[in-house]
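One file, model.cif, is given below (mmCIF, C-alpha atoms and all ligand atoms).
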```
data_input
#
loop_
_atom_site.label_atom_id
_atom_site.label_comp_id
_atom_site.auth_asym_id
_atom_site.auth_seq_id
_atom_site.Cartn_x
_atom_site.Cartn_y
_atom_site.Cartn_z
CA MET A 67 0.00 0.00 0.00
CA LYS A 68 1.37 3.39 -1.03
CA ASN A 69 0.36 6.51 0.89
CA ILE A 70 -0.25 9.42 -1.46
CA ALA A 71 -0.62 13.15 -0.81
CA ILE A 72 -2.12 15.23 -3.60
CA PHE A 73 -1.14 18.87 -3.94
CA GLY A 74 -3.89 20.57 -5.92
CA SER A 75 -6.54 17.84 -5.65
CA THR A 76 -9.49 19.88 -6.97
CA GLY A 77 -7.89 20.83 -10.30
CA SER A 78 -7.92 18.83 -13.51
CA ILE A 79 -4.83 16.67 -12.78
CA GLY A 80 -5.84 16.25 -9.12
CA LYS A 81 -9.27 14.89 -10.05
CA ASN A 82 -7.73 12.55 -12.61
CA ALA A 83 -5.27 11.32 -9.99
CA LEU A 84 -8.13 10.56 -7.62
CA SER A 85 -9.96 8.66 -10.34
CA VAL A 86 -6.86 6.48 -10.76
CA ILE A 87 -6.58 5.93 -7.00
CA ARG A 88 -10.30 5.13 -6.74
CA ARG A 89 -9.76 2.09 -8.99
CA PHE A 90 -6.94 0.61 -6.92
CA PRO A 91 -7.99 0.81 -3.26
CA ASP A 92 -5.67 -2.08 -2.40
CA LYS A 93 -2.64 -0.31 -3.87
CA PHE A 94 -2.99 3.38 -3.06
CA ARG A 95 -4.32 5.29 -0.08
CA VAL A 96 -4.93 9.04 0.00
CA VAL A 97 -3.40 10.43 3.18
CA GLY A 98 -3.39 14.13 2.27
CA LEU A 99 -5.38 16.47 0.04
CA SER A 100 -4.65 20.13 -0.66
CA ALA A 101 -6.61 22.75 -2.56
CA SER A 102 -6.24 26.43 -3.19
CA SER A 103 -9.80 27.73 -2.85
CA ASP A 104 -12.38 25.13 -3.92
CA ILE A 105 -13.67 24.27 -0.45
CA ARG A 106 -16.76 22.40 -1.67
CA GLY A 107 -14.73 20.28 -4.05
CA LEU A 108 -12.23 19.52 -1.31
CA TYR A 109 -14.96 18.68 1.18
CA SER A 110 -16.55 16.08 -1.07
CA GLN A 111 -13.13 14.53 -1.74
CA ILE A 112 -12.50 14.35 2.01
CA LYS A 113 -15.82 12.55 2.47
CA GLU A 114 -14.88 10.00 -0.15
CA PHE A 115 -11.18 9.39 0.52
CA HIS A 116 -10.86 10.03 4.28
CA PRO A 117 -7.38 11.60 4.34
CA SER A 118 -5.54 12.15 7.64
CA PHE A 119 -4.67 15.77 6.83
CA VAL A 120 -5.78 18.45 4.39
CA CYS A 121 -4.73 21.95 3.42
CA ILE A 122 -6.73 24.84 2.04
CA ARG A 123 -4.95 28.08 1.30
CA ASP A 124 -7.45 30.56 2.68
CA LYS A 125 -7.53 30.83 6.49
CA GLU A 126 -11.25 31.39 6.71
CA SER A 127 -12.01 28.34 4.56
CA ALA A 128 -9.67 26.32 6.78
CA PHE A 129 -11.62 27.45 9.83
CA LYS A 130 -14.91 26.38 8.21
CA LEU A 131 -13.41 23.01 7.28
CA LYS A 132 -12.17 22.44 10.83
CA LYS A 133 -15.63 23.08 12.16
CA GLY A 134 -17.21 20.73 9.66
CA LEU A 135 -14.67 17.91 10.07
CA GLY A 136 -14.06 17.79 13.79
CA SER A 137 -10.71 16.85 15.27
CA LYS A 138 -10.04 13.64 13.34
CA ILE A 139 -8.47 15.38 10.36
CA ARG A 140 -5.60 17.87 10.63
CA VAL A 141 -6.35 21.03 8.68
CA TYR A 142 -3.53 23.24 7.43
CA SER A 143 -3.86 26.59 5.73
CA THR A 144 -1.76 29.29 3.99
CA ASP A 145 1.44 28.73 2.00
CA GLU A 146 3.32 28.08 5.24
CA GLY A 147 0.82 25.40 6.18
CA LEU A 148 1.29 23.67 2.85
CA ILE A 149 5.02 23.42 3.52
CA GLN A 150 4.28 21.63 6.82
CA PHE A 151 1.63 19.48 5.16
CA ALA A 152 4.39 18.38 2.74
CA GLN A 153 6.45 17.02 5.64
CA GLU A 154 3.75 14.77 7.14
CA LYS A 155 5.40 11.49 8.14
CA SER A 156 2.95 9.06 6.59
CA ILE A 157 3.42 10.31 2.99
CA ASP A 158 5.24 7.89 0.66
CA GLN A 159 4.69 9.82 -2.54
CA SER A 160 3.62 13.41 -3.17
CA LEU A 161 1.72 14.15 -6.34
CA PHE A 162 2.12 17.73 -7.52
CA ALA A 163 -0.88 18.90 -9.50
CA ILE A 164 -0.64 22.58 -8.51
CA SER A 165 -0.12 24.74 -11.56
CA GLY A 166 2.37 27.59 -11.72
CA SER A 167 5.23 28.68 -9.50
CA ALA A 168 3.16 28.12 -6.34
CA ALA A 169 4.37 24.51 -6.41
CA LEU A 170 8.01 25.38 -5.87
CA ALA A 171 8.11 25.81 -2.07
CA PRO A 172 6.01 22.75 -1.15
CA LEU A 173 7.92 20.68 -3.73
CA ILE A 174 11.25 21.57 -2.17
CA SER A 175 9.79 20.84 1.26
CA SER A 176 8.61 17.39 0.10
CA ILE A 177 11.96 16.49 -1.43
CA ALA A 178 13.85 17.69 1.64
CA SER A 179 11.76 15.38 3.80
CA GLY A 180 12.46 12.42 1.52
CA LYS A 181 9.11 11.90 -0.21
CA ASP A 182 9.11 10.44 -3.71
CA ILE A 183 7.52 12.82 -6.17
CA ALA A 184 5.00 12.42 -8.99
CA LEU A 185 5.31 15.71 -10.82
CA ALA A 186 2.71 17.26 -13.08
CA ASN A 187 3.73 20.84 -12.39
CA LYS A 188 6.36 22.04 -14.85
CA GLU A 189 6.91 25.63 -13.70
CA ALA A 190 8.84 24.67 -10.54
CA LEU A 191 11.34 22.65 -12.57
CA VAL A 192 11.64 25.38 -15.16
CA MET A 193 12.41 27.90 -12.43
CA ALA A 194 14.82 25.87 -10.37
CA GLY A 195 15.44 22.59 -12.21
CA PRO A 196 19.17 22.10 -11.51
CA LEU A 197 18.63 22.91 -7.84
CA ILE A 198 15.63 20.61 -7.45
CA MET A 199 17.31 17.70 -9.20
CA ARG A 200 20.46 18.09 -7.09
CA MET A 201 18.34 18.08 -3.94
CA ALA A 202 16.43 15.01 -5.11
CA LYS A 203 19.64 13.15 -5.83
CA LYS A 204 21.01 13.99 -2.41
CA ALA A 205 17.79 12.94 -0.66
CA LYS A 206 17.56 9.78 -2.86
CA VAL A 207 14.12 10.87 -3.96
CA LYS A 208 12.60 9.79 -7.27
CA VAL A 209 11.05 12.59 -9.34
CA ILE A 210 8.66 10.75 -11.66
CA PRO A 211 7.06 12.92 -14.32
CA ILE A 212 3.33 13.02 -15.04
CA ASP A 213 3.47 15.40 -17.97
CA SER A 214 2.66 13.05 -20.87
CA GLU A 215 5.79 13.91 -22.88
CA GLN A 216 8.15 13.54 -19.94
CA SER A 217 6.42 10.34 -18.91
CA ALA A 218 6.95 9.02 -22.44
CA ILE A 219 10.67 9.85 -22.33
CA TRP A 220 10.91 8.35 -18.83
CA GLN A 221 9.29 5.13 -20.10
CA CYS A 222 11.49 4.96 -23.23
CA LEU A 223 14.63 5.39 -21.13
CA TYR A 224 13.65 2.72 -18.60
CA GLY A 225 16.42 0.12 -18.35
CA GLN A 226 18.57 1.96 -20.90
CA ASP A 227 22.10 3.21 -20.39
CA ARG A 228 21.77 7.00 -20.34
CA VAL A 229 25.20 7.55 -21.90
CA ARG A 230 23.89 5.89 -25.08
CA LEU A 231 21.11 8.45 -25.44
CA LYS A 232 21.59 10.70 -28.46
CA THR A 233 18.41 12.71 -29.04
CA ILE A 234 15.09 13.31 -27.32
CA TYR A 235 12.21 14.01 -29.69
CA LEU A 236 9.69 16.07 -27.79
CA THR A 237 6.35 15.97 -29.58
CA ALA A 238 3.72 18.72 -29.60
CA SER A 239 0.19 18.49 -30.90
CA GLY A 240 0.56 22.12 -31.97
CA GLY A 241 -2.45 23.27 -30.00
CA PRO A 242 -5.71 24.75 -31.31
CA LEU A 243 -4.06 27.41 -33.50
CA LEU A 244 -1.56 25.27 -35.39
CA ASN A 245 -2.90 26.18 -38.82
CA GLU A 246 -4.07 29.76 -38.22
CA SER A 247 -2.67 32.54 -40.40
CA ASP A 248 -0.60 35.38 -38.90
CA ALA A 249 -3.54 37.74 -39.26
CA SER A 250 -5.98 35.50 -37.44
CA LEU A 251 -3.43 34.81 -34.67
CA ARG A 252 -3.40 38.55 -34.01
CA ARG A 253 -7.14 38.71 -33.41
CA VAL A 254 -7.89 35.22 -32.08
CA SER A 255 -10.49 35.09 -29.29
CA LEU A 256 -10.04 33.70 -25.79
CA LEU A 257 -12.79 31.17 -26.44
CA LYS A 258 -11.00 29.70 -29.43
CA VAL A 259 -7.68 29.53 -27.58
CA LEU A 260 -9.33 27.57 -24.79
CA LYS A 261 -10.54 24.85 -27.18
CA HIS A 262 -7.67 22.41 -27.29
CA PRO A 263 -8.17 19.74 -29.99
CA ARG A 264 -6.59 16.81 -28.10
CA TRP A 265 -6.37 17.43 -24.37
CA LYS A 266 -8.79 18.61 -21.72
CA MET A 267 -6.71 20.62 -19.26
CA GLY A 268 -6.63 23.64 -16.96
CA LYS A 269 -6.85 27.12 -18.47
CA LYS A 270 -3.26 28.23 -17.95
CA ILE A 271 -1.77 25.19 -19.67
CA THR A 272 -4.33 25.39 -22.49
CA VAL A 273 -3.22 28.94 -23.31
CA ASP A 274 0.41 27.79 -23.05
CA SER A 275 -0.38 25.03 -25.55
CA ALA A 276 -1.77 27.58 -27.99
CA THR A 277 1.31 29.83 -27.77
CA LEU A 278 3.63 26.75 -27.75
CA MET A 279 5.10 28.10 -24.50
CA ASN A 280 3.92 24.81 -23.03
CA LYS A 281 6.38 23.03 -25.32
CA GLY A 282 9.03 25.57 -24.39
CA LEU A 283 8.48 24.86 -20.69
CA GLU A 284 8.60 21.13 -21.42
CA PHE A 285 11.86 21.61 -23.33
CA LEU A 286 13.45 23.05 -20.19
CA GLU A 287 11.73 20.48 -18.00
CA ALA A 288 13.21 17.64 -20.08
CA MET A 289 16.72 19.13 -19.88
CA PHE A 290 16.58 19.08 -16.09
CA LEU A 291 14.66 15.83 -15.57
CA PHE A 292 16.93 13.83 -17.85
CA ASN A 293 20.10 15.88 -17.36
CA VAL A 294 20.70 16.60 -21.05
CA SER A 295 21.93 19.66 -22.94
CA HIS A 296 19.55 21.75 -25.05
CA LYS A 297 21.38 20.45 -28.12
CA MET A 298 20.01 16.95 -27.49
CA ILE A 299 16.32 17.86 -27.66
CA LYS A 300 14.28 18.40 -30.82
CA VAL A 301 10.67 19.54 -30.85
CA LEU A 302 8.36 17.87 -33.38
CA ILE A 303 4.84 18.94 -34.26
CA HIS A 304 2.71 15.80 -34.25
CA PRO A 305 -0.98 16.74 -34.60
CA GLN A 306 -2.39 13.27 -33.84
CA ALA A 307 -0.81 13.42 -30.35
CA LEU A 308 -0.44 9.65 -30.18
CA VAL A 309 3.35 9.51 -29.97
CA HIS A 310 3.94 11.29 -26.67
CA SER A 311 7.69 11.55 -27.27
CA MET A 312 10.62 9.47 -28.52
CA VAL A 313 14.26 8.85 -27.74
CA GLU A 314 17.06 8.02 -30.15
CA PHE A 315 20.15 6.12 -29.10
CA VAL A 316 23.70 6.25 -30.49
CA ASP A 317 23.02 3.25 -32.76
CA GLY A 318 20.26 5.16 -34.55
CA VAL A 319 17.43 3.20 -32.90
CA VAL A 320 14.38 5.22 -31.89
CA LEU A 321 11.96 4.15 -29.14
CA ALA A 322 8.57 5.82 -28.95
CA GLN A 323 5.77 5.73 -26.41
CA LEU A 324 2.23 5.73 -27.81
CA SER A 325 -1.06 5.82 -25.95
CA LYS A 326 -4.40 7.54 -26.02
CA THR A 327 -4.54 11.19 -24.96
CA ASP A 328 -5.77 10.55 -21.44
CA MET A 329 -3.88 12.08 -18.52
CA ARG A 330 -4.91 9.18 -16.30
CA ILE A 331 -2.40 7.01 -18.20
CA PRO A 332 0.79 8.91 -17.22
CA ILE A 333 -0.66 9.62 -13.75
CA GLN A 334 -1.24 5.92 -13.17
CA TYR A 335 2.25 5.06 -14.37
CA ALA A 336 3.84 7.65 -12.07
CA LEU A 337 2.00 6.03 -9.15
CA SER A 338 2.60 2.38 -10.11
CA TYR A 339 6.15 2.75 -11.51
CA PRO A 340 7.96 0.54 -12.31
CA ASP A 341 4.92 -1.75 -12.34
CA ARG A 342 2.03 -1.41 -14.80
CA LEU A 343 -1.61 -1.73 -13.79
CA ASN A 344 -4.74 -2.31 -15.87
CA GLY A 345 -5.72 0.70 -17.95
CA PHE A 346 -8.94 2.64 -18.31
CA SER A 347 -9.60 1.82 -21.92
CA PRO A 348 -8.34 -0.47 -24.67
CA GLY A 349 -5.15 0.80 -26.31
CA ILE A 350 -4.71 2.27 -29.76
CA ASN A 351 -6.57 0.72 -32.67
CA PHE A 352 -3.88 0.65 -35.34
CA TYR A 353 -6.30 -0.57 -38.00
CA ASN A 354 -8.20 2.72 -37.75
CA LEU A 355 -5.08 4.82 -37.75
CA LYS A 356 -4.68 6.75 -41.01
CA ALA A 357 -1.38 8.57 -40.52
CA LEU A 358 1.16 9.84 -38.06
CA ASN A 359 2.63 13.18 -39.13
CA PHE A 360 5.70 14.98 -37.87
CA SER A 361 7.02 18.41 -38.78
CA LYS A 362 9.23 21.22 -37.55
CA PRO A 363 7.51 23.89 -35.43
CA ASP A 364 7.20 27.43 -36.82
CA CYS A 365 9.01 29.66 -34.32
CA LEU A 366 8.15 32.81 -36.26
CA ARG A 367 4.42 32.34 -35.82
CA PHE A 368 4.88 30.99 -32.29
CA PRO A 369 7.68 33.14 -30.83
CA CYS A 370 7.23 31.73 -27.31
CA LEU A 371 9.03 28.59 -28.43
CA SER A 372 12.13 30.49 -29.55
CA LEU A 373 12.08 32.47 -26.28
CA ALA A 374 12.20 29.14 -24.45
CA TYR A 375 15.07 27.96 -26.67
CA GLN A 376 16.94 31.11 -25.71
CA ALA A 377 16.28 30.52 -22.00
CA ALA A 378 17.39 26.89 -22.43
CA LYS A 379 20.66 28.00 -23.98
CA GLU A 380 21.45 30.70 -21.44
CA LEU A 381 19.95 29.07 -18.31
CA GLY A 382 20.79 30.78 -14.99
CA SER A 383 17.87 32.86 -13.76
CA LEU A 384 16.49 33.43 -17.28
CA PRO A 385 14.10 30.42 -17.33
CA ALA A 386 12.52 31.61 -14.06
CA VAL A 387 12.12 35.09 -15.52
CA MET A 388 10.57 33.73 -18.70
CA ASN A 389 8.18 31.59 -16.67
CA ALA A 390 7.10 34.43 -14.38
CA ALA A 391 6.55 36.86 -17.25
CA ASN A 392 4.55 34.21 -19.04
CA GLU A 393 2.34 33.51 -16.01
CA VAL A 394 1.51 37.20 -15.76
CA ALA A 395 0.93 37.59 -19.49
CA VAL A 396 -1.33 34.53 -19.59
CA SER A 397 -3.40 35.76 -16.66
CA LYS A 398 -3.78 39.11 -18.44
CA PHE A 399 -4.91 37.32 -21.57
CA LEU A 400 -7.36 35.18 -19.57
CA SER A 401 -8.95 38.33 -18.16
CA GLU A 402 -9.00 39.78 -21.70
CA ARG A 403 -6.73 42.70 -20.89
CA ILE A 404 -4.27 41.87 -23.68
CA LYS A 405 -4.37 40.15 -27.07
CA PHE A 406 -3.02 36.69 -27.81
CA MET A 407 0.09 37.91 -29.62
CA ASP A 408 0.91 40.30 -26.76
CA ILE A 409 1.86 37.27 -24.65
CA PRO A 410 5.19 36.62 -26.44
CA LYS A 411 5.81 40.37 -26.70
CA ILE A 412 5.58 40.81 -22.94
CA VAL A 413 7.70 37.74 -22.22
CA ALA A 414 10.36 38.82 -24.73
CA LYS A 415 10.56 42.32 -23.29
CA VAL A 416 10.93 41.14 -19.70
CA MET A 417 13.62 38.64 -20.76
CA ARG A 418 15.51 41.39 -22.64
CA ASN A 419 15.51 43.63 -19.56
CA HIS A 420 16.81 40.90 -17.26
CA ARG A 421 20.43 40.74 -16.20
CA ASN A 422 20.97 37.00 -16.15
CA ASN A 423 22.45 35.48 -13.00
CA LYS A 424 24.35 32.47 -14.35
CA ALA A 425 24.54 30.48 -11.08
CA PRO A 426 21.52 31.45 -9.03
CA GLY A 427 20.64 30.05 -5.60
CA LEU A 428 17.04 29.59 -4.56
CA ASN A 429 16.80 33.14 -3.22
CA ASP A 430 18.16 34.61 -6.44
CA ILE A 431 15.57 32.63 -8.36
CA LEU A 432 12.73 33.81 -6.15
CA LYS A 433 13.95 37.40 -6.49
CA ALA A 434 14.16 37.08 -10.27
CA ASP A 435 10.64 35.66 -10.25
CA VAL A 436 9.25 38.61 -8.28
CA TRP A 437 11.16 41.10 -10.42
CA ALA A 438 9.86 39.55 -13.66
CA ARG A 439 6.26 39.60 -12.39
CA GLN A 440 6.50 43.29 -11.55
CA GLU A 441 8.02 44.04 -14.96
CA ALA A 442 5.33 42.06 -16.74
CA TYR A 443 2.51 43.70 -14.76
CA GLY A 444 3.92 47.09 -15.73
CA LEU A 445 3.72 46.29 -19.43
CA ALA A 446 0.56 46.91 -21.41
MG MG A 501 2.63 17.91 -21.89
#
```
Would you mind writing the structure in this file as structure tokens?
Amino acid sequence: MKNIAIFGSTGSIGKNALSVIRRFPDKFRVVGLSASSDIRGLYSQIKEFHPSFVCIRDKESAFKLKKGLGSKIRVYSTDEGLIQFAQEKSIDQSLFAISGSAALAPLISSIASGKDIALANKEALVMAGPLIMRMAKKAKVKVIPIDSEQSAIWQCLYGQDRVRLKTIYLTASGGPLLNESDASLRRVSLLKVLKHPRWKMGKKITVDSATLMNKGLEFLEAMFLFNVSHKMIKVLIHPQALVHSMVEFVDGVVLAQLSKTDMRIPIQYALSYPDRLNGFSPGINFYNLKALNFSKPDCLRFPCLSLAYQAAKELGSLPAVMNAANEVAVSKFLSERIKFMDIPKIVAKVMRNHRNNKAPGLNDILKADVWARQEAYGLA
């Protein structure tokens, strides 16, 4: 029996994780649940899964929960509380489904207290990847990715000698705007951006998929997770989104991972690794498959990807700055204060104004993050 704590249980990944756990009550037990603000969602999950401790960010909500739950369940609140929640003794594996940079502090706290990690959040790694991976190595903690591409690479590399790895092919469906003209990209509506053709996800990541920043973040994520240089990763547009990524070895052999576009698949693998458990649906029907296409992404139409390449080349505090500026720009776009193509403009400008710190510590990274947010807020 594995004891699981879910960070961000009321979001899209969190709910999918619970639907995996629900199917294997003899393998996984939920010991902790955390949510940002959805108190009703959290309450119904508590009633179903009976965790030993929970966390809700808002103090007042935490007070209400305490009253409703009695003394059997420990209730944490605020960002500080989440850091303590992360250190609860009974946790075997912490599943990070919080989106954005808010995951960084509780993730570091989990690793420091020796919990294995199942990681869906990509922003924390993008901000502080080298630091996090060093900490994980020291604490002998496994960081198992949930992001479908990283999970694919993880699966393809299983049992392989890493020094024989030559290239990682990171695939991208291309998002909902893959075939839009320049002119229509400039005036595309929020509604259209939020309609992803292949994946049902949270809003932030859906916008990131449309700008291809999501692939840019994954590019950085893969560098840190698999300890490879930016020169070893190639992004491929693959509209069918069946090949979730591939690896090529020195002998020219390529291994690919294919599965349906269902986040429960990589979530389940991150929980059961290295074992495999029964899936939710039959696999791919190859007889109905017409084609698998691959092409090079267009960085001119999707400038966020080339900004990420630049951050990947320069590293230091630049990836954190890019990530922070992007979070602000995306939230502005979601509240319809800027246009779609203003997102890369804002990110580019903040990155240009940043003096890169080549060997940042955690504090430098957090400072760069705050600085970049202020810069991005200041821009139109
Ligand atoms: Mg992904």
Q.
Applying 8 Å and all atoms listed in the file, which residues near Thr237 (chain A) remain after dropping the ones on its own chain fewer than 5 positions away? List them as a PyMOL selection string.
A. chain A and resi 215+301-304+307+309-312
Pull C-alpha atoms from the residues just selected and write them as a JSON list (two decimals), in the coordinates of the input.
```
[["chain", "number", "residue", "atom", "x", "y", "z"],
["A", 215, "GLU", "CA", 5.79, 13.91, -22.88],
["A", 301, "VAL", "CA", 10.67, 19.54, -30.85],
["A", 302, "LEU", "CA", 8.36, 17.87, -33.38],
["A", 303, "ILE", "CA", 4.84, 18.94, -34.26],
["A", 304, "HIS", "CA", 2.71, 15.80, -34.25],
["A", 307, "ALA", "CA", -0.81, 13.42, -30.35],
["A", 309, "VAL", "CA", 3.35, 9.51, -29.97],
["A", 310, "HIS", "CA", 3.94, 11.29, -26.67],
["A", 311, "SER", "CA", 7.69, 11.55, -27.27],
["A", 312, "MET", "CA", 10.62, 9.47, -28.52]]
```
Q) Within 8 Å of ligand MG 501 (chain A), counting all atoms listed in the file, which protein or nucleic acid residues do you find, written as JSON, numbers by chain? A) {"A": [213, 214, 215, 216, 238, 280, 281, 284]}
Q. Rounded to one decimal in Å, what is the spacing between CA of Ile219 (chain A) and CA of Ala391 (chain A)?
A. 27.8 Å
Q: Find, counting all atoms listed in the file, the residue in A:Ile412, A:Ile177, A:Val396, A:Leu358 that gets nearest to Met201 (chain A).
A: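 Result for the nearest residue to Met201 (chain A): A:Ile177.
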Q | Distance query Phe285 (chain A) at most 10 Å, all atoms listed in the file, self and fewer than 5 positions along chain excluded, as a list in words | A | Val192, Glu215, Gln216, Ile234, Tyr235, Leu236, Met279, Asn280, Phe290, His296, Ile299, Lys300, Val301, Leu371, Ala374, Tyr375 and Ala378 of chain A
Contacts between region 416-438 of chain A and region 132-230 of chain A, please, where a residue of region 132-230 of chain A counts if it comes within 9 Å (with only C-alpha atoms); show its shortest atom pair and distance in Å to one decimal, rows by chain and ascending number, as JSON lines.
```
{"residue": "A:Ser167", "atom": "CA", "partner": "A:Asp435", "partner_atom": "CA", "distance": 8.9}
{"residue": "A:Met193", "atom": "CA", "partner": "A:Ile431", "partner_atom": "CA", "distance": 7.0}
{"residue": "A:Ala194", "atom": "CA", "partner": "A:Ile431", "partner_atom": "CA", "distance": 7.1}
{"residue": "A:Leu197", "atom": "CA", "partner": "A:Leu428", "partner_atom": "CA", "distance": 7.6}
```
